>>> print(open('entry.cif').read())   # mmCIF, C-alpha atoms
data_query
loop_
_atom_site.label_atom_id
_atom_site.label_comp_id
_atom_site.auth_asym_id
_atom_site.auth_seq_id
_atom_site.Cartn_x
_atom_site.Cartn_y
_atom_site.Cartn_z
CA MET A 274 -14.13 0.86 -12.56
CA THR A 275 -17.68 0.91 -13.91
CA ASP A 276 -18.24 -2.72 -12.89
CA VAL A 277 -17.04 -2.36 -9.31
CA ALA A 278 -19.04 0.85 -8.83
CA ALA A 279 -22.13 -0.88 -10.19
CA ARG A 280 -21.57 -3.80 -7.83
CA ALA A 281 -21.33 -1.44 -4.84
CA THR A 282 -24.59 0.25 -5.87
CA ALA A 283 -26.34 -3.07 -6.42
CA GLY A 284 -25.06 -4.34 -3.10
CA PHE A 285 -26.37 -1.27 -1.33
CA ARG A 286 -29.83 -1.68 -2.87
CA SER A 287 -29.88 -5.37 -1.96
CA ALA A 288 -28.70 -4.84 1.61
CA TYR A 289 -30.74 -1.76 2.47
CA GLY A 290 -33.61 -1.60 -0.01
CA GLN A 291 -32.81 1.89 -1.29
CA GLN A 292 -30.42 3.87 -3.47
CA PRO A 293 -27.19 5.17 -1.88
CA ALA A 294 -26.64 8.89 -1.40
CA GLY A 295 -23.30 8.60 -3.19
CA ARG A 296 -20.31 6.45 -4.10
CA TRP A 297 -16.68 6.96 -3.16
CA ALA A 298 -13.65 5.15 -4.62
CA ALA A 299 -10.07 4.64 -3.50
CA PRO A 300 -7.35 2.76 -5.41
CA GLY A 301 -4.97 0.03 -4.53
CA ARG A 302 -1.35 1.02 -4.79
CA ALA A 303 1.93 -0.40 -5.96
CA ASN A 304 5.19 0.88 -4.59
CA LEU A 305 7.57 1.52 -7.45
CA ILE A 306 10.51 1.53 -5.03
CA GLY A 307 11.19 2.21 -1.36
CA GLU A 308 10.24 -0.80 0.78
CA HIS A 309 10.26 -0.69 4.60
CA THR A 310 11.65 2.82 4.44
CA ASP A 311 8.38 4.49 5.45
CA TYR A 312 8.43 3.69 9.17
CA ASN A 313 12.13 4.58 9.17
CA ASP A 314 11.23 8.21 8.30
CA GLY A 315 12.60 7.65 4.80
CA PHE A 316 11.45 8.03 1.20
CA VAL A 317 8.96 6.05 -0.89
CA LEU A 318 7.66 6.26 -4.46
CA PRO A 319 4.25 4.59 -4.82
CA PHE A 320 1.66 5.03 -7.53
CA ALA A 321 -2.09 4.39 -7.47
CA LEU A 322 -3.67 1.60 -9.50
CA SER A 323 -6.77 1.52 -11.64
CA LEU A 324 -7.97 -1.34 -9.39
CA ARG A 325 -10.33 0.26 -6.87
CA THR A 326 -12.49 -0.22 -3.80
CA VAL A 327 -15.87 1.51 -4.01
CA VAL A 328 -18.10 2.39 -1.07
CA ALA A 329 -21.74 3.21 -1.71
CA ALA A 330 -23.18 4.98 1.34
CA SER A 331 -26.05 6.89 2.88
CA PRO A 332 -26.51 8.45 6.32
CA GLN A 333 -28.58 6.71 8.98
CA PRO A 334 -29.88 8.18 12.25
CA GLY A 335 -27.90 8.04 15.47
CA GLU A 336 -24.43 6.75 16.18
CA ARG A 337 -24.81 3.46 14.32
CA TRP A 338 -22.84 2.12 11.37
CA THR A 339 -23.70 -0.83 9.17
CA ALA A 340 -21.32 -2.13 6.52
CA TRP A 341 -21.99 -4.81 3.90
CA SER A 342 -19.24 -6.31 1.73
CA GLU A 343 -19.58 -8.34 -1.43
CA THR A 344 -16.71 -10.50 -0.16
CA THR A 345 -18.76 -11.97 2.71
CA ASP A 346 -22.35 -10.89 1.90
CA GLN A 347 -22.80 -10.50 5.65
CA PRO A 348 -23.35 -7.06 7.22
CA VAL A 349 -21.31 -5.83 10.16
CA GLU A 350 -23.09 -3.47 12.53
CA PHE A 351 -21.66 -1.50 15.44
CA GLY A 352 -22.40 1.52 17.57
CA ALA A 353 -20.37 4.17 19.35
CA ALA A 354 -19.42 1.85 22.22
CA GLU A 355 -17.82 -0.69 19.86
CA ALA A 356 -16.25 2.00 17.71
CA ASP A 357 -14.69 3.72 20.70
CA GLU A 358 -12.87 0.62 21.95
CA PRO A 359 -10.15 -0.75 19.66
CA GLY A 360 -10.50 -4.47 19.22
CA ARG A 361 -14.26 -4.65 19.75
CA VAL A 362 -14.97 -4.99 16.03
CA THR A 363 -12.86 -7.67 14.33
CA GLY A 364 -12.30 -9.05 10.84
CA TRP A 365 -12.76 -6.81 7.81
CA GLY A 366 -15.25 -4.70 9.77
CA ALA A 367 -12.41 -3.50 11.96
CA TYR A 368 -11.14 -1.33 9.10
CA VAL A 369 -14.51 0.42 8.90
CA ALA A 370 -14.82 0.76 12.68
CA GLY A 371 -11.21 1.96 12.87
CA VAL A 372 -11.97 4.89 10.57
CA VAL A 373 -15.00 5.83 12.68
CA TRP A 374 -12.87 5.54 15.83
CA ALA A 375 -10.02 7.65 14.41
CA LEU A 376 -12.42 10.40 13.30
CA ARG A 377 -14.19 10.45 16.66
CA GLU A 378 -10.89 10.45 18.54
CA ALA A 379 -9.82 13.46 16.46
CA GLY A 380 -12.94 15.31 17.57
CA TYR A 381 -15.18 14.90 14.53
CA ALA A 382 -18.92 14.31 14.77
CA VAL A 383 -19.09 11.20 12.59
CA PRO A 384 -22.46 10.64 10.96
CA GLY A 385 -24.18 7.30 11.33
CA ALA A 386 -24.10 5.53 7.99
CA ARG A 387 -25.00 2.50 5.93
CA LEU A 388 -22.24 1.34 3.60
CA ALA A 389 -21.86 -1.24 0.86
CA ILE A 390 -18.38 -2.21 -0.31
CA ALA A 391 -17.17 -3.74 -3.55
CA SER A 392 -13.56 -4.05 -4.69
CA ASP A 393 -11.29 -5.06 -7.54
CA VAL A 394 -8.16 -4.79 -5.36
CA PRO A 395 -7.07 -8.37 -4.63
CA LEU A 396 -6.94 -9.23 -0.94
CA GLY A 397 -3.63 -10.25 0.59
CA SER A 398 -1.62 -9.37 -2.50
CA GLY A 399 0.44 -6.45 -1.22
CA LEU A 400 -1.54 -3.86 -3.21
CA SER A 401 -2.97 -2.18 -0.09
CA SER A 402 -6.54 -3.42 -0.17
CA SER A 403 -6.86 -2.37 3.49
CA ALA A 404 -5.73 1.21 2.82
CA ALA A 405 -8.11 1.42 -0.15
CA LEU A 406 -10.99 0.35 2.09
CA GLU A 407 -10.03 2.83 4.80
CA ALA A 408 -9.65 5.70 2.34
CA ALA A 409 -12.97 5.03 0.60
CA VAL A 410 -14.84 4.76 3.91
CA LEU A 411 -13.11 7.90 5.17
CA ALA A 412 -14.05 9.86 2.04
CA ALA A 413 -17.67 8.72 2.37
CA LEU A 414 -18.00 9.65 6.04
CA VAL A 415 -16.29 13.01 5.57
CA ASP A 416 -18.66 13.95 2.76
CA LEU A 417 -21.79 12.57 4.42
CA GLY A 418 -21.01 14.51 7.60
CA GLY A 419 -19.71 17.65 5.91
CA LEU A 420 -16.52 17.27 7.98
CA ASP A 421 -13.64 19.72 7.57
CA LEU A 422 -10.77 17.32 6.92
CA PRO A 423 -8.34 18.42 4.18
CA ALA A 424 -6.81 15.74 1.96
CA GLU A 425 -3.33 16.27 3.35
CA ARG A 426 -4.52 15.31 6.85
CA ARG A 427 -6.43 12.22 5.84
CA PRO A 428 -3.51 9.77 5.41
CA ARG A 429 -2.35 10.15 9.00
CA LEU A 430 -5.86 9.60 10.31
CA ALA A 431 -6.37 6.50 8.16
CA GLN A 432 -2.99 5.18 9.26
CA ARG A 433 -3.98 5.64 12.89
CA ALA A 434 -7.11 3.60 12.26
CA GLU A 435 -5.00 0.72 10.97
CA ASN A 436 -2.27 0.98 13.60
CA ALA A 437 -4.30 1.57 16.75
CA TYR A 438 -7.67 -0.02 16.00
CA VAL A 439 -6.85 -2.90 13.65
CA GLY A 440 -3.41 -3.49 15.15
CA ALA A 441 -1.34 -3.55 11.95
CA PRO A 442 1.91 -1.53 12.36
CA THR A 443 1.97 0.01 8.87
CA GLY A 444 3.78 3.23 7.98
CA ILE A 445 2.23 6.27 6.29
CA MET A 446 2.94 5.28 2.68
CA ASP A 447 -0.12 3.19 1.83
CA GLN A 448 -2.67 5.72 3.03
CA SER A 449 -0.78 8.62 1.44
CA ALA A 450 -0.69 6.86 -1.92
CA VAL A 451 -4.33 5.83 -2.07
CA ILE A 452 -5.49 9.29 -1.01
CA ARG A 453 -3.03 11.70 -2.63
CA CYS A 454 -1.77 10.12 -5.88
CA ARG A 455 -2.43 11.70 -9.29
CA GLU A 456 -3.04 10.05 -12.63
CA GLY A 457 0.14 9.59 -14.68
CA HIS A 458 2.42 10.27 -11.71
CA ALA A 459 4.24 8.53 -8.91
CA LEU A 460 4.06 10.05 -5.43
CA PHE A 461 7.45 10.99 -3.99
CA LEU A 462 6.76 11.03 -0.27
CA ASP A 463 9.08 12.12 2.51
CA CYS A 464 7.70 10.03 5.36
CA ARG A 465 9.19 12.28 8.02
CA THR A 466 7.78 15.59 6.87
CA GLU A 467 4.87 14.08 4.89
CA THR A 468 5.65 16.45 2.04
CA VAL A 469 4.84 15.10 -1.39
CA GLU A 470 5.92 15.73 -4.95
CA HIS A 471 4.08 14.33 -7.95
CA ILE A 472 6.72 12.86 -10.25
CA PRO A 473 5.83 12.31 -13.94
CA PHE A 474 5.69 8.59 -14.63
CA ASP A 475 4.53 8.32 -18.24
CA LEU A 476 5.00 4.71 -19.24
CA ASP A 477 3.02 5.03 -22.46
CA ALA A 478 5.26 7.77 -23.82
CA ALA A 479 8.30 5.61 -23.19
CA GLY A 480 6.77 2.57 -24.90
CA LEU A 481 6.78 0.71 -21.61
CA ALA A 482 4.30 -1.06 -19.37
CA MET A 483 4.24 -2.07 -15.71
CA LEU A 484 3.37 -5.71 -15.29
CA VAL A 485 1.96 -6.62 -11.89
CA VAL A 486 2.26 -10.32 -11.09
CA ASP A 487 0.22 -11.63 -8.17
CA SER A 488 2.44 -14.35 -6.73
CA ARG A 489 -0.58 -16.07 -5.10
CA ALA A 490 1.53 -16.36 -1.95
CA PRO A 491 -0.66 -14.59 0.65
CA HIS A 492 0.60 -11.29 2.00
CA ARG A 493 -0.13 -10.46 5.67
CA HIS A 494 0.91 -7.13 7.15
CA ALA A 495 -0.19 -7.74 10.73
CA ASP A 496 1.92 -10.82 11.34
CA GLY A 497 4.98 -11.06 13.54
CA GLU A 498 7.53 -10.86 10.74
CA TYR A 499 6.60 -7.31 9.73
CA ALA A 500 6.57 -6.22 13.37
CA SER A 501 9.95 -7.84 14.02
CA ARG A 502 11.55 -5.99 11.10
CA ARG A 503 10.21 -2.70 12.40
CA LYS A 504 11.43 -3.42 15.92
CA SER A 505 14.87 -4.32 14.61
CA CYS A 506 15.12 -1.04 12.70
CA GLU A 507 14.05 1.00 15.70
CA ALA A 508 16.58 -0.77 17.92
CA ALA A 509 19.33 -0.14 15.37
CA ALA A 510 18.51 3.56 15.16
CA SER A 511 18.69 3.77 18.94
CA ALA A 512 22.04 1.98 18.98
CA LEU A 513 23.38 4.41 16.37
CA GLY A 514 22.06 7.44 18.25
CA VAL A 515 19.89 8.72 15.39
CA PRO A 516 16.14 9.48 15.38
CA ALA A 517 15.57 7.00 12.53
CA LEU A 518 17.59 5.05 9.96
CA ARG A 519 16.78 7.75 7.42
CA ASP A 520 19.45 9.80 9.21
CA VAL A 521 22.25 7.39 8.26
CA ALA A 522 23.79 8.60 4.98
CA VAL A 523 25.06 6.10 2.41
CA ALA A 524 28.53 7.64 2.74
CA ASP A 525 28.48 6.81 6.46
CA LEU A 526 26.97 3.36 6.11
CA ASP A 527 30.13 1.28 6.57
CA ALA A 528 31.03 3.13 9.75
CA ALA A 529 27.49 2.73 11.07
CA LEU A 530 27.46 -0.99 10.34
CA GLY A 531 30.67 -1.39 12.30
CA ARG A 532 28.92 -0.08 15.40
CA LEU A 533 26.09 -2.61 15.32
CA PRO A 534 26.13 -5.77 17.42
CA ASP A 535 25.27 -8.56 14.97
CA ASP A 536 25.15 -9.44 11.29
CA GLU A 537 21.35 -9.63 11.09
CA THR A 538 20.96 -6.07 12.37
CA ARG A 539 23.67 -4.88 9.99
CA ARG A 540 21.84 -6.42 7.03
CA ARG A 541 18.54 -4.81 8.06
CA VAL A 542 20.18 -1.40 8.30
CA ARG A 543 22.03 -1.82 5.01
CA HIS A 544 18.75 -2.50 3.22
CA VAL A 545 16.99 0.58 4.60
CA VAL A 546 19.86 2.99 4.00
CA THR A 547 20.58 1.80 0.46
CA GLU A 548 16.86 1.60 -0.37
CA ASP A 549 16.39 5.25 0.57
CA GLN A 550 19.18 6.12 -1.85
CA ARG A 551 17.60 4.00 -4.58
CA VAL A 552 14.38 5.99 -4.18
CA LEU A 553 16.26 9.27 -4.59
CA ASP A 554 18.11 7.92 -7.63
CA THR A 555 14.85 6.73 -9.21
CA VAL A 556 13.20 10.11 -8.67
CA ALA A 557 16.16 11.83 -10.32
CA LEU A 558 15.86 9.57 -13.38
CA LEU A 559 12.11 10.09 -13.69
CA ARG A 560 12.48 13.86 -13.41
CA ALA A 561 14.87 13.64 -16.33
CA GLY A 562 12.45 11.48 -18.34
CA ARG A 563 14.82 8.50 -18.22
CA VAL A 564 12.20 5.91 -17.29
CA ARG A 565 14.00 2.94 -18.83
CA GLU A 566 17.08 3.52 -16.70
CA THR A 567 15.12 2.88 -13.50
CA GLY A 568 15.02 -0.85 -14.25
CA PRO A 569 18.35 -1.79 -12.64
CA LEU A 570 17.38 0.12 -9.48
CA LEU A 571 14.21 -1.96 -9.20
CA THR A 572 16.22 -5.15 -9.53
CA ALA A 573 18.79 -4.00 -6.97
CA SER A 574 15.95 -3.21 -4.59
CA HIS A 575 14.66 -6.74 -4.91
CA ALA A 576 18.09 -8.25 -4.22
CA SER A 577 18.33 -6.12 -1.08
CA MET A 578 14.90 -7.24 0.12
CA ARG A 579 15.80 -10.87 -0.58
CA ASP A 580 19.29 -10.97 0.90
CA ASP A 581 19.45 -8.23 3.54
CA PHE A 582 15.88 -7.72 4.73
CA GLU A 583 14.86 -11.35 4.08
CA ILE A 584 11.21 -10.68 3.25
CA THR A 585 10.78 -12.54 -0.04
CA VAL A 586 9.47 -16.06 -0.59
CA PRO A 587 10.23 -18.64 -3.33
CA GLU A 588 7.22 -17.70 -5.46
CA ILE A 589 8.26 -14.02 -5.44
CA ASP A 590 11.89 -14.75 -6.28
CA THR A 591 10.82 -17.09 -9.08
CA ALA A 592 8.60 -14.39 -10.62
CA VAL A 593 11.41 -11.83 -10.52
CA GLU A 594 13.99 -14.20 -11.98
CA ALA A 595 11.68 -15.37 -14.76
CA ALA A 596 10.64 -11.82 -15.68
CA LEU A 597 14.24 -10.67 -15.93
CA ALA A 598 15.24 -13.71 -17.97
CA ALA A 599 12.37 -12.94 -20.36
CA GLY A 600 13.61 -9.40 -20.98
CA ALA A 601 12.10 -7.22 -18.24
CA LEU A 602 14.14 -4.05 -17.73
CA GLY A 603 13.81 -4.46 -13.99
CA ALA A 604 11.69 -6.36 -11.47
CA ARG A 605 11.08 -6.35 -7.75
CA MET A 606 8.66 -7.40 -5.07
CA THR A 607 6.30 -4.64 -3.99
CA GLY A 608 4.72 -4.43 -0.55
CA GLY A 609 5.63 -5.52 2.95
CA GLY A 610 6.86 -8.94 1.97
CA PHE A 611 6.28 -12.65 2.66
CA GLY A 612 4.05 -12.90 -0.40
CA GLY A 613 2.18 -10.35 -2.48
CA CYS A 614 3.04 -9.01 -5.91
CA VAL A 615 5.98 -8.41 -8.22
CA LEU A 616 6.39 -5.37 -10.45
CA ALA A 617 8.18 -5.84 -13.78
CA LEU A 618 9.08 -2.89 -15.98
CA VAL A 619 8.72 -4.20 -19.53
CA GLU A 620 8.53 -3.13 -23.13
CA ALA A 621 4.82 -2.64 -23.78
CA ALA A 622 4.93 -5.04 -26.73
CA SER A 623 6.47 -7.83 -24.64
CA ALA A 624 4.26 -7.66 -21.53
CA ASP A 625 2.34 -10.82 -22.43
CA ALA A 626 5.52 -12.73 -23.27
CA VAL A 627 7.07 -11.83 -19.91
CA ALA A 628 3.87 -12.85 -18.10
CA ASP A 629 3.85 -16.16 -19.96
CA ALA A 630 7.46 -16.80 -18.94
CA VAL A 631 6.58 -16.27 -15.28
CA THR A 632 3.63 -18.65 -15.60
CA ARG A 633 5.86 -21.33 -17.13
CA ALA A 634 8.44 -20.92 -14.36
CA TYR A 635 5.70 -21.36 -11.76
CA ALA A 636 4.48 -24.54 -13.45
CA GLU A 637 8.01 -25.96 -13.49
CA ARG A 638 8.26 -25.46 -9.73
CA GLY A 639 4.79 -26.71 -8.93
CA PHE A 640 3.50 -23.36 -7.67
CA THR A 641 -0.12 -22.21 -7.98
CA ALA A 642 -0.43 -20.36 -11.28
CA PRO A 643 0.12 -16.59 -10.86
CA ARG A 644 -2.23 -13.86 -12.03
CA HIS A 645 -1.08 -10.75 -13.85
CA VAL A 646 -2.32 -7.38 -15.05
CA THR A 647 -0.68 -4.38 -16.70
CA VAL A 648 -1.31 -1.07 -14.97
CA LEU A 649 -0.93 2.67 -15.41
CA PRO A 650 -0.66 5.28 -12.63
CA ALA A 651 -4.18 6.31 -11.57
CA PRO A 652 -5.74 9.00 -9.35
CA GLY A 653 -6.30 8.73 -5.60
CA ALA A 654 -9.51 8.63 -3.56
CA THR A 655 -12.46 10.53 -5.02
CA ARG A 656 -16.22 10.81 -5.02
CA LEU A 657 -17.74 9.24 -8.12
CA PRO A 658 -20.35 10.98 -10.27
#
>>> encode(input="entry.cif", output="structure tokens")
Amino acid sequence: MTDVAARATAGFRSAYGQQPAGRWAAPGRANLIGEHTDYNDGFVLPFALSLRTVVAASPQPGERWTAWSETTDQPVEFGAAEADEPGRVTGWGAYVAGVVWALREAGYAVPGARLAIASDVPLGSGLSSSAALEAAVLAALVDLGGLDLPAERRPRLAQRAENAYVGAPTGIMDQSAVIRCREGHALFLDCRTETVEHIPFDLDAAGLAMLVVDSRAPHRHADGEYASRRKSCEAAASALGVPALRDVAVADLDAALGRLPDDETRRRVRHVVTEDQRVLDTVALLRAGRVRETGPLLTASHASMRDDFEITVPEIDTAVEAALAAGALGARMTGGGFGGCVLALVEAASADAVADAVTRAYAERGFTAPRHVTVLPAPGATRLP
């Protein structure tokens, strides 16, 4: 993280001609298991990554905000009028303006600020680069303004920024993970109650590693496919007379499916209900220290996303198949779908061999070569020294 923090500081000096008052970091996240369960009031199990977004910031007078990003090298500037009207600020600046808007809407006196942003979280890869940006900006503004906003309330506010200002219908998982995760743990989140439990996830002790493969197939949360899956789930819950699909037990699944009007809706519901159970089963194994035994659950999750929820793409399926054939204990897509990344639980000593097998499979199919990194569970958003 030293490099990305240094880049944020250097960017701030270049853009504003002075040193920042401080630096704040927030991680990307990978979801170990529990996909599209969050907006169904269900369960998820993400962990934070060592890949981080860093915001260097200082206050500036009045209700003005200026943000510079190393990605574009072009500052975005807006005032209260633009911040108070969702949609006025567009592009990447909308995530910054959305945080300002959400804080102001919640009654906080948001300080004017200059910000410089650098990031190691790959864009469009399903590792929640947007939530990392929101969380880092939020942490900076809260500290600069001395705002009384406890950590447990920050995910909901950051989610509102993304939903209502940016227009991306994400659930609460991404923001909860990037803000509340702990090093060496996965975050067991009940998306209905927003209660969390930090579950030990010690890969090193088990002789394992988590390989993250960037499929290079772009991942877009705000597109119509994500929204259509959410709408389908909400319609199914209404048809079944339950508040959310989380309220359909696995034991009652067959009866529930029989009450739905078409096969597509039945497949969507089957994914969500069985995925919730897979999260609970994974948590039980991790509590017992049986990390290796979670592999088949990861693979079953991927099959459900591929066949029932229909959110995978050929590059993703190729990466999963190649990783498993090369000896991965389990593999699945992580993120909202239609691109993004694959997680593969592997023996630490064989991580490179599994990655090489995926790269060869991509070459055989004529896909753009994937990127990969091995990761360990990292801490959530924090102010840097």
>>> closest_residue(input="entry.cif", among="A:Ala379, A:Ala354, A:Leu513, A:Ala596", to="Arg433 (chain A)", atoms="all atoms listed in the file")
A:Ala379
>>> resolve_selection(input="entry.cif", expression="the PyMOL selection byres ((chain A and resi 291) around 12)", output="CSV table (one decimal) with C-alpha atoms, keeping the file's coordinate frame")
chain,number,residue,atom,x,y,z
A,282,THR,CA,-24.6,0.2,-5.9
A,283,ALA,CA,-26.3,-3.1,-6.4
A,284,GLY,CA,-25.1,-4.3,-3.1
A,285,PHE,CA,-26.4,-1.3,-1.3
A,286,ARG,CA,-29.8,-1.7,-2.9
A,287,SER,CA,-29.9,-5.4,-2.0
A,288,ALA,CA,-28.7,-4.8,1.6
A,289,TYR,CA,-30.7,-1.8,2.5
A,290,GLY,CA,-33.6,-1.6,0.0
A,292,GLN,CA,-30.4,3.9,-3.5
A,293,PRO,CA,-27.2,5.2,-1.9
A,294,ALA,CA,-26.6,8.9,-1.4
A,295,GLY,CA,-23.3,8.6,-3.2
A,329,ALA,CA,-21.7,3.2,-1.7
A,330,ALA,CA,-23.2,5.0,1.3
A,331,SER,CA,-26.0,6.9,2.9
A,332,PRO,CA,-26.5,8.4,6.3
A,387,ARG,CA,-25.0,2.5,5.9
A,388,LEU,CA,-22.2,1.3,3.6
A,389,ALA,CA,-21.9,-1.2,0.9
>>> resolve_selection(input="entry.cif", expression="the PyMOL selection byres ((chain A and resi 352) around 12)", output="CSV table (one decimal) with C-alpha atoms, keeping the file's coordinate frame")
chain,number,residue,atom,x,y,z
A,333,GLN,CA,-28.6,6.7,9.0
A,334,PRO,CA,-29.9,8.2,12.2
A,335,GLY,CA,-27.9,8.0,15.5
A,336,GLU,CA,-24.4,6.8,16.2
A,337,ARG,CA,-24.8,3.5,14.3
A,338,TRP,CA,-22.8,2.1,11.4
A,339,THR,CA,-23.7,-0.8,9.2
A,340,ALA,CA,-21.3,-2.1,6.5
A,349,VAL,CA,-21.3,-5.8,10.2
A,350,GLU,CA,-23.1,-3.5,12.5
A,351,PHE,CA,-21.7,-1.5,15.4
A,353,ALA,CA,-20.4,4.2,19.4
A,354,ALA,CA,-19.4,1.8,22.2
A,355,GLU,CA,-17.8,-0.7,19.9
A,356,ALA,CA,-16.2,2.0,17.7
A,357,ASP,CA,-14.7,3.7,20.7
A,358,GLU,CA,-12.9,0.6,22.0
A,361,ARG,CA,-14.3,-4.6,19.8
A,362,VAL,CA,-15.0,-5.0,16.0
A,369,VAL,CA,-14.5,0.4,8.9
A,370,ALA,CA,-14.8,0.8,12.7
A,373,VAL,CA,-15.0,5.8,12.7
A,374,TRP,CA,-12.9,5.5,15.8
A,383,VAL,CA,-19.1,11.2,12.6
A,384,PRO,CA,-22.5,10.6,11.0
A,385,GLY,CA,-24.2,7.3,11.3
A,386,ALA,CA,-24.1,5.5,8.0
A,387,ARG,CA,-25.0,2.5,5.9
>>> closest_atom_pairs(input="entry.cif", of="region 291-366 of chain A", to="region 539-550 of chain A", cutoff="9 Å", atoms="all atoms listed in the file", output="JSON lines")
{"residue": "A:Ile306", "atom": "CA", "partner": "A:Glu548", "partner_atom": "CA", "distance": 7.9}
{"residue": "A:Gly307", "atom": "CA", "partner": "A:Glu548", "partner_atom": "CA", "distance": 5.8}
{"residue": "A:Glu308", "atom": "CA", "partner": "A:Glu548", "partner_atom": "CA", "distance": 7.1}
{"residue": "A:His309", "atom": "CA", "partner": "A:Val545", "partner_atom": "CA", "distance": 6.8}
{"residue": "A:Thr310", "atom": "CA", "partner": "A:Val545", "partner_atom": "CA", "distance": 5.8}
{"residue": "A:Asn313", "atom": "CA", "partner": "A:Val545", "partner_atom": "CA", "distance": 7.8}
{"residue": "A:Gly315", "atom": "CA", "partner": "A:Asp549", "partner_atom": "CA", "distance": 6.2}
{"residue": "A:Phe316", "atom": "CA", "partner": "A:Asp549", "partner_atom": "CA", "distance": 5.7}
{"residue": "A:Val317", "atom": "CA", "partner": "A:Asp549", "partner_atom": "CA", "distance": 7.6}
>>> residues_near_point(input="entry.cif", point="(14.2, 10.8, 9.1)", cutoff="10 Å", atoms="only C-alpha atoms", output="MDAnalysis selection string")
chainID A and resid 310:316 463:466 515:521
>>> resolve_selection(input="entry.cif", expression="the PyMOL selection byres ((chain A and resi 454) around 12)", output="ChimeraX atom specification")
/A:299-304,318-323,424-425,428,446-453,455-462,469-474,650-655
>>> write_last_selection(input="entry.cif", atoms="C-alpha atoms", output="mmCIF file, in the frame of the given file")
data_model
loop_
_atom_site.group_PDB
_atom_site.id
_atom_site.type_symbol
_atom_site.label_atom_id
_atom_site.label_comp_id
_atom_site.auth_asym_id
_atom_site.auth_seq_id
_atom_site.Cartn_x
_atom_site.Cartn_y
_atom_site.Cartn_z
ATOM 1 C CA ALA A 299 -10.070 4.640 -3.500
ATOM 2 C CA PRO A 300 -7.350 2.760 -5.410
ATOM 3 C CA GLY A 301 -4.970 0.030 -4.530
ATOM 4 C CA ARG A 302 -1.350 1.020 -4.790
ATOM 5 C CA ALA A 303 1.930 -0.400 -5.960
ATOM 6 C CA ASN A 304 5.190 0.880 -4.590
ATOM 7 C CA LEU A 318 7.660 6.260 -4.460
ATOM 8 C CA PRO A 319 4.250 4.590 -4.820
ATOM 9 C CA PHE A 320 1.660 5.030 -7.530
ATOM 10 C CA ALA A 321 -2.090 4.390 -7.470
ATOM 11 C CA LEU A 322 -3.670 1.600 -9.500
ATOM 12 C CA SER A 323 -6.770 1.520 -11.640
ATOM 13 C CA ALA A 424 -6.810 15.740 1.960
ATOM 14 C CA GLU A 425 -3.330 16.270 3.350
ATOM 15 C CA PRO A 428 -3.510 9.770 5.410
ATOM 16 C CA MET A 446 2.940 5.280 2.680
ATOM 17 C CA ASP A 447 -0.120 3.190 1.830
ATOM 18 C CA GLN A 448 -2.670 5.720 3.030
ATOM 19 C CA SER A 449 -0.780 8.620 1.440
ATOM 20 C CA ALA A 450 -0.690 6.860 -1.920
ATOM 21 C CA VAL A 451 -4.330 5.830 -2.070
ATOM 22 C CA ILE A 452 -5.490 9.290 -1.010
ATOM 23 C CA ARG A 453 -3.030 11.700 -2.630
ATOM 24 C CA ARG A 455 -2.430 11.700 -9.290
ATOM 25 C CA GLU A 456 -3.040 10.050 -12.630
ATOM 26 C CA GLY A 457 0.140 9.590 -14.680
ATOM 27 C CA HIS A 458 2.420 10.270 -11.710
ATOM 28 C CA ALA A 459 4.240 8.530 -8.910
ATOM 29 C CA LEU A 460 4.060 10.050 -5.430
ATOM 30 C CA PHE A 461 7.450 10.990 -3.990
ATOM 31 C CA LEU A 462 6.760 11.030 -0.270
ATOM 32 C CA VAL A 469 4.840 15.100 -1.390
ATOM 33 C CA GLU A 470 5.920 15.730 -4.950
ATOM 34 C CA HIS A 471 4.080 14.330 -7.950
ATOM 35 C CA ILE A 472 6.720 12.860 -10.250
ATOM 36 C CA PRO A 473 5.830 12.310 -13.940
ATOM 37 C CA PHE A 474 5.690 8.590 -14.630
ATOM 38 C CA PRO A 650 -0.660 5.280 -12.630
ATOM 39 C CA ALA A 651 -4.180 6.310 -11.570
ATOM 40 C CA PRO A 652 -5.740 9.000 -9.350
ATOM 41 C CA GLY A 653 -6.300 8.730 -5.600
ATOM 42 C CA ALA A 654 -9.510 8.630 -3.560
ATOM 43 C CA THR A 655 -12.460 10.530 -5.020
#
>>> residues_around(input="entry.cif", residues="Pro359 (chain A)", least_positions_apart="5", cutoff="9 Å", atoms="only C-alpha atoms", output="list in words")
Ala367, Ala370, Gly371, Trp374, Ala437, Tyr438, Val439 and Gly440 of chain A
>>> residues_around(input="entry.cif", residues="Val619 (chain A)", least_positions_apart="4", cutoff="9 Å", atoms="only C-alpha atoms", output="compact mmCIF listing (two decimals) with C-alpha atoms, in the coordinates of the input")
# COMPACT_ATOMS: atom_id res chain seq x y z
CA GLY A 480 6.77 2.57 -24.90
CA LEU A 481 6.78 0.71 -21.61
CA ALA A 482 4.30 -1.06 -19.37
CA MET A 483 4.24 -2.07 -15.71
CA LEU A 484 3.37 -5.71 -15.29
CA ARG A 565 14.00 2.94 -18.83
CA GLY A 568 15.02 -0.85 -14.25
CA ALA A 596 10.64 -11.82 -15.68
CA GLY A 600 13.61 -9.40 -20.98
CA ALA A 601 12.10 -7.22 -18.24
CA LEU A 602 14.14 -4.05 -17.73
CA GLY A 603 13.81 -4.46 -13.99
CA ALA A 604 11.69 -6.36 -11.47
CA SER A 623 6.47 -7.83 -24.64
CA ALA A 624 4.26 -7.66 -21.53
CA VAL A 627 7.07 -11.83 -19.91
>>> closest_residue(input="entry.cif", among="A:Leu530, A:Leu553, A:Ile589, A:Val327", to="Val394 (chain A)", atoms="only C-alpha atoms")
A:Val327
>>> closest_residue(input="entry.cif", among="A:Met578, A:Cys506, A:Val556, A:Ala281", to="Glu343 (chain A)", atoms="all atoms listed in the file")
A:Ala281
